[in-house]
file upload_38.csv (CSV, C-alpha atoms)
chain,number,residue,atom,x,y,z
H,18,MET,CA,-5.0,17.1,3.3
H,19,ASN,CA,-3.5,18.3,6.5
H,20,LYS,CA,-1.2,15.7,8.0
H,21,ASN,CA,-2.5,16.4,11.5
H,22,ILE,CA,-6.0,15.3,10.6
H,23,GLU,CA,-6.7,11.7,11.3
H,24,THR,CA,-8.0,9.8,8.3
H,25,VAL,CA,-9.6,6.4,7.8
H,26,ILE,CA,-9.7,4.2,4.7
H,27,LEU,CA,-13.1,4.5,3.0
H,28,THR,CA,-12.4,1.9,0.3
H,29,LYS,CA,-9.7,0.4,-1.8
H,30,CYS,CA,-9.9,0.4,-5.6
H,31,SER,CA,-8.1,-1.8,-8.1
H,32,ASN,CA,-7.5,1.1,-10.5
H,33,THR,CA,-7.1,4.9,-10.6
H,34,ILE,CA,-10.1,5.5,-12.7
H,35,MET,CA,-12.5,4.0,-10.1
H,36,ALA,CA,-10.6,5.8,-7.3
H,37,ASP,CA,-10.9,9.2,-9.1
H,38,GLU,CA,-14.6,8.7,-9.7
H,39,ILE,CA,-15.2,8.1,-6.0
H,40,VAL,CA,-13.1,11.2,-5.0
H,41,SER,CA,-15.0,13.2,-7.5
H,42,LYS,CA,-18.4,12.1,-6.1
H,43,LEU,CA,-17.2,12.8,-2.6
H,44,ALA,CA,-16.1,16.3,-3.6
H,45,GLU,CA,-19.5,17.0,-5.1
H,46,GLU,CA,-20.9,16.4,-1.6
H,47,GLY,CA,-18.3,18.7,0.0
H,48,ILE,CA,-16.3,15.8,1.5
H,49,ILE,CA,-12.5,16.2,1.4
H,50,SER,CA,-10.7,13.0,0.5
H,51,SER,CA,-7.3,11.8,-0.6
H,52,LEU,CA,-5.8,8.9,-2.5
H,53,HIS,CA,-2.9,6.7,-1.4
H,54,ASP,CA,-1.3,4.2,-3.9
H,55,GLU,CA,0.1,1.3,-1.8
H,56,LEU,CA,2.7,0.6,-4.5
H,57,ASP,CA,4.2,4.1,-4.0
H,58,ASP,CA,4.6,3.6,-0.2
H,59,PRO,CA,8.2,3.2,0.7
H,60,VAL,CA,7.4,1.1,3.8
H,61,TYR,CA,6.0,-2.3,2.9
H,62,GLY,CA,4.5,-4.9,5.3
H,63,ALA,CA,6.1,-8.3,5.9
H,64,TYR,CA,4.5,-9.6,2.6
H,65,GLY,CA,5.2,-6.6,0.4
H,66,PRO,CA,2.7,-4.0,-0.7
H,67,ASN,CA,-1.0,-4.7,-1.0
H,68,PRO,CA,-1.7,-3.4,-4.5
H,69,GLY,CA,-4.6,-1.0,-4.8
H,70,ILE,CA,-5.5,2.7,-4.4
H,71,GLU,CA,-7.0,3.6,-1.0
H,72,VAL,CA,-9.5,6.4,-0.8
H,73,ARG,CA,-9.1,8.1,2.6
H,74,VAL,CA,-11.5,10.5,4.3
H,75,CYS,CA,-11.3,12.5,7.5
H,76,LYS,CA,-12.4,10.5,10.5
H,77,VAL,CA,-15.2,13.0,11.1
H,78,TYR,CA,-16.8,12.2,7.7
H,79,ALA,CA,-16.5,8.5,8.3
H,80,PHE,CA,-18.3,8.8,11.7
H,81,LEU,CA,-21.1,10.8,10.1
H,82,ARG,CA,-21.5,8.2,7.4
H,83,ARG,CA,-22.7,5.6,9.9
call {"tool": "encode", "arguments": {"input": "upload_38.csv", "output": "structure tokens"}}
result
Amino acid sequence: MNKNIETVILTKCSNTIMADEIVSKLAEEGIISSLHDELDDPVYGAYGPNPGIEVRVCKVYAFLRR
């Protein structure tokens, strides 16, 4: 996904299997998405990482979803 495109978090999954299923379903509908594993992020918050895999979509898709 282009780094200049603004993304929003669609959902957060507890495992990669569920996250991959969601990304697959989004792709079937022509919606571009990306995954972000919080544990792989080098910059943690004050309380450490929030475990889970975020499914992110372009802000335009999130707006159309409403």
call {"tool": "residues_around", "arguments": {"input": "upload_38.csv", "residues": "H:Thr24", "least_positions_apart": "2", "cutoff": "6 Å", "atoms": "all atoms listed in the file", "output": "PyMOL selection string"}}
result
chain H and resi 74-76
call {"tool": "residues_near_point", "arguments": {"input": "upload_38.csv", "point": "(-3.4, 1.7, -7.6)", "cutoff": "9 Å", "atoms": "only C-alpha atoms", "output": "NGL selection string"}}
result
:H and (29-33 or 36 or 53-57 or 68-71)
call {"tool": "closest_residue", "arguments": {"input": "upload_38.csv", "among": "H:Leu27, H:Lys42, H:Ile49, H:Asp37", "to": "H:Val72", "atoms": "only C-alpha atoms"}}
result
H:Leu27
call {"tool": "atom_distance", "arguments": {"input": "upload_38.csv", "atom1": "atom CA of H:Val77", "atom2": "atom CA of H:Glu45"}}
result
17.2 Å
call {"tool": "atom_distance", "arguments": {"input": "upload_38.csv", "atom1": "atom CA of H:Ser50", "atom2": "atom CA of H:Val25"}}
result
9.9 Å
call {"tool": "decode", "arguments": {"input": "upload_38.csv", "residues": "stretch 66-77 of chain H", "atoms": "all heavy atoms", "output": "PDB file, in the first residue's frame"}}
result
ATOM      1  N   PRO H  66       3.343  -3.076  23.590  1.00  0.00           N
ATOM      2  CA  PRO H  66       2.503  -3.292  22.412  1.00  0.00           C
ATOM      3  C   PRO H  66       1.129  -3.827  22.786  1.00  0.00           C
ATOM      4  O   PRO H  66       0.969  -4.496  23.802  1.00  0.00           O
ATOM      5  CB  PRO H  66       3.289  -4.329  21.616  1.00  0.00           C
ATOM      6  CG  PRO H  66       4.041  -5.083  22.645  1.00  0.00           C
ATOM      7  CD  PRO H  66       4.388  -4.073  23.721  1.00  0.00           C
ATOM      8  N   ASN H  67       0.150  -3.496  21.978  1.00  0.00           N
ATOM      9  CA  ASN H  67      -1.184  -4.065  22.111  1.00  0.00           C
ATOM     10  C   ASN H  67      -1.247  -5.248  21.153  1.00  0.00           C
ATOM     11  O   ASN H  67      -1.322  -5.051  19.949  1.00  0.00           O
ATOM     12  CB  ASN H  67      -2.262  -3.042  21.736  1.00  0.00           C
ATOM     13  CG  ASN H  67      -2.279  -1.877  22.677  1.00  0.00           C
ATOM     14  OD1 ASN H  67      -2.081  -2.057  23.858  1.00  0.00           O
ATOM     15  ND2 ASN H  67      -2.500  -0.691  22.160  1.00  0.00           N
ATOM     16  N   PRO H  68      -1.141  -6.475  21.667  1.00  0.00           N
ATOM     17  CA  PRO H  68      -1.063  -7.620  20.766  1.00  0.00           C
ATOM     18  C   PRO H  68      -2.279  -7.734  19.865  1.00  0.00           C
ATOM     19  O   PRO H  68      -3.402  -7.466  20.281  1.00  0.00           O
ATOM     20  CB  PRO H  68      -0.974  -8.817  21.704  1.00  0.00           C
ATOM     21  CG  PRO H  68      -1.111  -8.314  23.081  1.00  0.00           C
ATOM     22  CD  PRO H  68      -1.141  -6.840  23.052  1.00  0.00           C
ATOM     23  N   GLY H  69      -2.028  -8.103  18.640  1.00  0.00           N
ATOM     24  CA  GLY H  69      -3.088  -8.281  17.662  1.00  0.00           C
ATOM     25  C   GLY H  69      -2.630  -7.829  16.294  1.00  0.00           C
ATOM     26  O   GLY H  69      -1.631  -7.128  16.159  1.00  0.00           O
ATOM     27  N   ILE H  70      -3.370  -8.246  15.291  1.00  0.00           N
ATOM     28  CA  ILE H  70      -3.059  -7.889  13.921  1.00  0.00           C
ATOM     29  C   ILE H  70      -4.145  -6.956  13.422  1.00  0.00           C
ATOM     30  O   ILE H  70      -5.320  -7.317  13.396  1.00  0.00           O
ATOM     31  CB  ILE H  70      -2.963  -9.147  13.045  1.00  0.00           C
ATOM     32  CG1 ILE H  70      -1.817  -9.948  13.488  1.00  0.00           C
ATOM     33  CG2 ILE H  70      -2.754  -8.765  11.592  1.00  0.00           C
ATOM     34  CD1 ILE H  70      -1.647 -11.160  13.857  1.00  0.00           C
ATOM     35  N   GLU H  71      -3.753  -5.751  13.065  1.00  0.00           N
ATOM     36  CA  GLU H  71      -4.704  -4.769  12.558  1.00  0.00           C
ATOM     37  C   GLU H  71      -4.912  -4.977  11.063  1.00  0.00           C
ATOM     38  O   GLU H  71      -3.963  -5.207  10.325  1.00  0.00           O
ATOM     39  CB  GLU H  71      -4.183  -3.353  12.775  1.00  0.00           C
ATOM     40  CG  GLU H  71      -4.091  -2.949  14.212  1.00  0.00           C
ATOM     41  CD  GLU H  71      -3.488  -1.566  14.396  1.00  0.00           C
ATOM     42  OE1 GLU H  71      -2.941  -0.995  13.437  1.00  0.00           O
ATOM     43  OE2 GLU H  71      -3.561  -1.072  15.528  1.00  0.00           O
ATOM     44  N   VAL H  72      -6.164  -4.889  10.642  1.00  0.00           N
ATOM     45  CA  VAL H  72      -6.491  -4.860   9.225  1.00  0.00           C
ATOM     46  C   VAL H  72      -6.789  -3.405   8.909  1.00  0.00           C
ATOM     47  O   VAL H  72      -7.689  -2.804   9.493  1.00  0.00           O
ATOM     48  CB  VAL H  72      -7.710  -5.759   8.900  1.00  0.00           C
ATOM     49  CG1 VAL H  72      -8.069  -5.657   7.426  1.00  0.00           C
ATOM     50  CG2 VAL H  72      -7.442  -7.192   9.303  1.00  0.00           C
ATOM     51  N   ARG H  73      -6.004  -2.849   7.989  1.00  0.00           N
ATOM     52  CA  ARG H  73      -6.151  -1.440   7.635  1.00  0.00           C
ATOM     53  C   ARG H  73      -6.634  -1.309   6.198  1.00  0.00           C
ATOM     54  O   ARG H  73      -6.256  -2.096   5.338  1.00  0.00           O
ATOM     55  CB  ARG H  73      -4.818  -0.723   7.781  1.00  0.00           C
ATOM     56  CG  ARG H  73      -4.314  -0.693   9.202  1.00  0.00           C
ATOM     57  CD  ARG H  73      -2.993  -0.002   9.289  1.00  0.00           C
ATOM     58  NE  ARG H  73      -2.528   0.079  10.682  1.00  0.00           N
ATOM     59  CZ  ARG H  73      -1.400   0.637  11.035  1.00  0.00           C
ATOM     60  NH1 ARG H  73      -0.606   1.171  10.134  1.00  0.00           N
ATOM     61  NH2 ARG H  73      -1.056   0.654  12.305  1.00  0.00           N
ATOM     62  N   VAL H  74      -7.484  -0.315   5.962  1.00  0.00           N
ATOM     63  CA  VAL H  74      -7.966  -0.011   4.617  1.00  0.00           C
ATOM     64  C   VAL H  74      -7.771   1.473   4.357  1.00  0.00           C
ATOM     65  O   VAL H  74      -7.598   2.258   5.288  1.00  0.00           O
ATOM     66  CB  VAL H  74      -9.456  -0.386   4.429  1.00  0.00           C
ATOM     67  CG1 VAL H  74      -9.669  -1.868   4.542  1.00  0.00           C
ATOM     68  CG2 VAL H  74     -10.343   0.353   5.394  1.00  0.00           C
ATOM     69  N   CYS H  75      -7.829   1.851   3.088  1.00  0.00           N
ATOM     70  CA  CYS H  75      -7.743   3.262   2.724  1.00  0.00           C
ATOM     71  C   CYS H  75      -8.916   4.006   3.337  1.00  0.00           C
ATOM     72  O   CYS H  75     -10.020   3.466   3.446  1.00  0.00           O
ATOM     73  CB  CYS H  75      -7.778   3.439   1.213  1.00  0.00           C
ATOM     74  SG  CYS H  75      -6.376   2.721   0.393  1.00  0.00           S
ATOM     75  N   LYS H  76      -8.700   5.223   3.719  1.00  0.00           N
ATOM     76  CA  LYS H  76      -9.746   6.027   4.355  1.00  0.00           C
ATOM     77  C   LYS H  76     -10.969   6.164   3.451  1.00  0.00           C
ATOM     78  O   LYS H  76     -12.090   6.192   3.925  1.00  0.00           O
ATOM     79  CB  LYS H  76      -9.182   7.397   4.719  1.00  0.00           C
ATOM     80  CG  LYS H  76     -10.026   8.154   5.689  1.00  0.00           C
ATOM     81  CD  LYS H  76      -9.305   9.371   6.187  1.00  0.00           C
ATOM     82  CE  LYS H  76     -10.078  10.003   7.316  1.00  0.00           C
ATOM     83  NZ  LYS H  76      -9.382  11.128   7.900  1.00  0.00           N
ATOM     84  N   VAL H  77     -10.764   6.191   2.137  1.00  0.00           N
ATOM     85  CA  VAL H  77     -11.873   6.312   1.190  1.00  0.00           C
ATOM     86  C   VAL H  77     -12.812   5.114   1.327  1.00  0.00           C
ATOM     87  O   VAL H  77     -14.024   5.271   1.370  1.00  0.00           O
ATOM     88  CB  VAL H  77     -11.338   6.397  -0.253  1.00  0.00           C
ATOM     89  CG1 VAL H  77     -12.458   6.348  -1.266  1.00  0.00           C
ATOM     90  CG2 VAL H  77     -10.516   7.656  -0.418  1.00  0.00           C
TER      91      VAL H  77
END
